[in-house]
Amino acid sequence: MFLKVALLVLRKDFAIEVKSREILTMTLLFAISCVLVFAFALVKQGEAPPDAAPAILWIAIMFSGTLALGRTFERERYGETLRALLLAPADRPAIYVGKLVGIVVLLVATELVLVPLIAFLFQAPLFSQPLWLTAVLLTGTLGYCAVGTLFAAMLVRARSRDVLLPVLLYPITIPVIIAGVRGTAALLEPAPDVAIIRFWVSLLVAFDTVFVTLALWTFEPLMTD
């Protein structure tokens with residue numbers, strides 16, 4: 001039943017997004033704009049700063065993720081969908097999991113555009129270790145979205161939610177962003193050290209486990225209050 005509810009929530013979000021393409025388009029445009037601003041500011045005479053690509057990649061993911069989180073739950077508030085989901089005879093942690101997977105899929109789609117764009121503009125060999133890059137991006141995105149989904153749902157009825165979401169989200173997810181930046185930077189070394197990359201991926205997995213577990217425990221009481 002838990003998995004069925006999560007899949008139903010995910011299917012609902014996917015069907016709405018396929019029809020409107022609103023959040024994906026907005027997120028992509030914002031992320032691309034962010035990267036282009038950095039490119040015009042930092043790339044001079046065709047030369048990019050050597051260590052800029054990992055930081056810019058994760059800044060774009062962080063900011064576009066915040067936009068996607070806020071817009072997703074704003075849409076739920078307008079249609080009173082979240083209230084209906086909470087009143088339904090379903091496990092509330094399953095609702096959280098469905099929303100979390102939907103946000104992660106949305107950000108992964110954005111990253112599929114961001115990574116080639118940054119690799120081209122900043123001359124970064126991001127595809128030299130594709131499997132490790134995928135591991136860093138997926139674990140980092142999951143940790144960021146795990147906290148963001150919880151806070152976005154909690155603040156859905158707050159008047160100043162657009163301000164409160166980044167204020168609450170960024171300090172808690174800073175360890176995830178730092179680990180993601182360091183893990184990505186380790187991939188771009190001339191001779192990547194697999195042990196260091198494995199360490200950062202393991203740290204991100206640990207963050208994911210802690211954040212997802214705490215979110216599953218606290219989602220129901222927070223939404224009840």
# chains A, B, ... in the order shown; residues from 1 in each chain; ligands from 1
$ select_by_dssp --residues "stretch 187-224 of chain A" --states "helix (DSSP H, G or I)" --output "PyMOL selection string"
chain A and resi 187+194-224
$ residues_around --residues "stretch 187-203 of chain A" --least-positions-apart "4" --cutoff "6 Å" --atoms "only C-alpha atoms" --output "list in words"
Val136, Ala179 and Gly183 of chain A
$ residues_around --residues "A:Val35" --least-positions-apart "2" --cutoff "9 Å" --atoms "only C-alpha atoms" --output "PyMOL selection string"
chain A and resi 30-33+37-40+56-57+59-60+114+117-118+121
$ write_last_selection --atoms "N, CA, C and O atoms" --output "PDB file, in the first residue's frame"
ATOM      1  N   PHE A  30      15.754  28.997 -15.760  1.00  0.00           N
ATOM      2  CA  PHE A  30      16.454  29.624 -14.649  1.00  0.00           C
ATOM      3  C   PHE A  30      17.872  29.064 -14.509  1.00  0.00           C
ATOM      4  O   PHE A  30      18.832  29.811 -14.329  1.00  0.00           O
ATOM      5  N   ALA A  31      18.008  27.733 -14.594  1.00  0.00           N
ATOM      6  CA  ALA A  31      19.322  27.108 -14.450  1.00  0.00           C
ATOM      7  C   ALA A  31      20.259  27.530 -15.582  1.00  0.00           C
ATOM      8  O   ALA A  31      21.435  27.852 -15.348  1.00  0.00           O
ATOM      9  N   ILE A  32      19.751  27.543 -16.815  1.00  0.00           N
ATOM     10  CA  ILE A  32      20.580  27.950 -17.952  1.00  0.00           C
ATOM     11  C   ILE A  32      20.979  29.411 -17.838  1.00  0.00           C
ATOM     12  O   ILE A  32      22.131  29.782 -18.108  1.00  0.00           O
ATOM     13  N   SER A  33      20.048  30.263 -17.411  1.00  0.00           N
ATOM     14  CA  SER A  33      20.362  31.679 -17.226  1.00  0.00           C
ATOM     15  C   SER A  33      21.453  31.869 -16.181  1.00  0.00           C
ATOM     16  O   SER A  33      22.368  32.690 -16.351  1.00  0.00           O
ATOM     17  N   VAL A  37      25.109  33.565 -16.971  1.00  0.00           N
ATOM     18  CA  VAL A  37      25.604  34.741 -16.241  1.00  0.00           C
ATOM     19  C   VAL A  37      27.022  34.496 -15.747  1.00  0.00           C
ATOM     20  O   VAL A  37      27.922  35.337 -15.904  1.00  0.00           O
ATOM     21  N   PHE A  38      27.251  33.340 -15.144  1.00  0.00           N
ATOM     22  CA  PHE A  38      28.596  33.009 -14.674  1.00  0.00           C
ATOM     23  C   PHE A  38      29.576  32.904 -15.835  1.00  0.00           C
ATOM     24  O   PHE A  38      30.743  33.303 -15.719  1.00  0.00           O
ATOM     25  N   ALA A  39      29.133  32.355 -16.960  1.00  0.00           N
ATOM     26  CA  ALA A  39      30.015  32.198 -18.110  1.00  0.00           C
ATOM     27  C   ALA A  39      30.458  33.559 -18.650  1.00  0.00           C
ATOM     28  O   ALA A  39      31.653  33.780 -18.913  1.00  0.00           O
ATOM     29  N   PHE A  40      29.515  34.493 -18.803  1.00  0.00           N
ATOM     30  CA  PHE A  40      29.862  35.814 -19.308  1.00  0.00           C
ATOM     31  C   PHE A  40      30.744  36.581 -18.315  1.00  0.00           C
ATOM     32  O   PHE A  40      31.569  37.412 -18.720  1.00  0.00           O
ATOM     33  N   ILE A  56      29.807  26.181  -9.953  1.00  0.00           N
ATOM     34  CA  ILE A  56      28.716  26.736 -10.755  1.00  0.00           C
ATOM     35  C   ILE A  56      27.638  25.686 -10.999  1.00  0.00           C
ATOM     36  O   ILE A  56      26.435  25.985 -10.965  1.00  0.00           O
ATOM     37  N   LEU A  57      28.049  24.453 -11.225  1.00  0.00           N
ATOM     38  CA  LEU A  57      27.079  23.381 -11.418  1.00  0.00           C
ATOM     39  C   LEU A  57      26.174  23.227 -10.206  1.00  0.00           C
ATOM     40  O   LEU A  57      24.941  23.177 -10.336  1.00  0.00           O
ATOM     41  N   ILE A  59      25.692  25.410  -7.712  1.00  0.00           N
ATOM     42  CA  ILE A  59      24.908  26.626  -7.471  1.00  0.00           C
ATOM     43  C   ILE A  59      23.655  26.622  -8.340  1.00  0.00           C
ATOM     44  O   ILE A  59      22.551  26.941  -7.882  1.00  0.00           O
ATOM     45  N   ALA A  60      23.816  26.253  -9.608  1.00  0.00           N
ATOM     46  CA  ALA A  60      22.665  26.191 -10.511  1.00  0.00           C
ATOM     47  C   ALA A  60      21.661  25.139 -10.045  1.00  0.00           C
ATOM     48  O   ALA A  60      20.447  25.362 -10.085  1.00  0.00           O
ATOM     49  N   LEU A 114      22.233  20.801 -17.886  1.00  0.00           N
ATOM     50  CA  LEU A 114      23.261  21.621 -17.248  1.00  0.00           C
ATOM     51  C   LEU A 114      24.669  21.065 -17.444  1.00  0.00           C
ATOM     52  O   LEU A 114      25.609  21.820 -17.724  1.00  0.00           O
ATOM     53  N   LEU A 117      26.188  21.676 -20.862  1.00  0.00           N
ATOM     54  CA  LEU A 117      26.350  23.116 -21.051  1.00  0.00           C
ATOM     55  C   LEU A 117      27.570  23.633 -20.283  1.00  0.00           C
ATOM     56  O   LEU A 117      28.388  24.390 -20.824  1.00  0.00           O
ATOM     57  N   ILE A 118      27.711  23.229 -19.039  1.00  0.00           N
ATOM     58  CA  ILE A 118      28.854  23.668 -18.234  1.00  0.00           C
ATOM     59  C   ILE A 118      30.153  23.069 -18.769  1.00  0.00           C
ATOM     60  O   ILE A 118      31.201  23.734 -18.795  1.00  0.00           O
ATOM     61  N   LEU A 121      30.938  25.327 -21.855  1.00  0.00           N
ATOM     62  CA  LEU A 121      31.260  26.728 -21.598  1.00  0.00           C
ATOM     63  C   LEU A 121      32.526  26.892 -20.758  1.00  0.00           C
ATOM     64  O   LEU A 121      33.285  27.846 -20.949  1.00  0.00           O
TER      65      LEU A 121
END
$ residues_around --residues "A:Cys145" --least-positions-apart "6" --cutoff "9 Å" --atoms "only C-alpha atoms" --output "MDAnalysis selection string"
chainID A and resid 65:66 69 100:101 103:104 107
$ closest_residue --among "A:Ala53, A:Leu29, A:Ile23, A:Val9" --to "A:Ala84" --atoms "only C-alpha atoms"
A:Val9
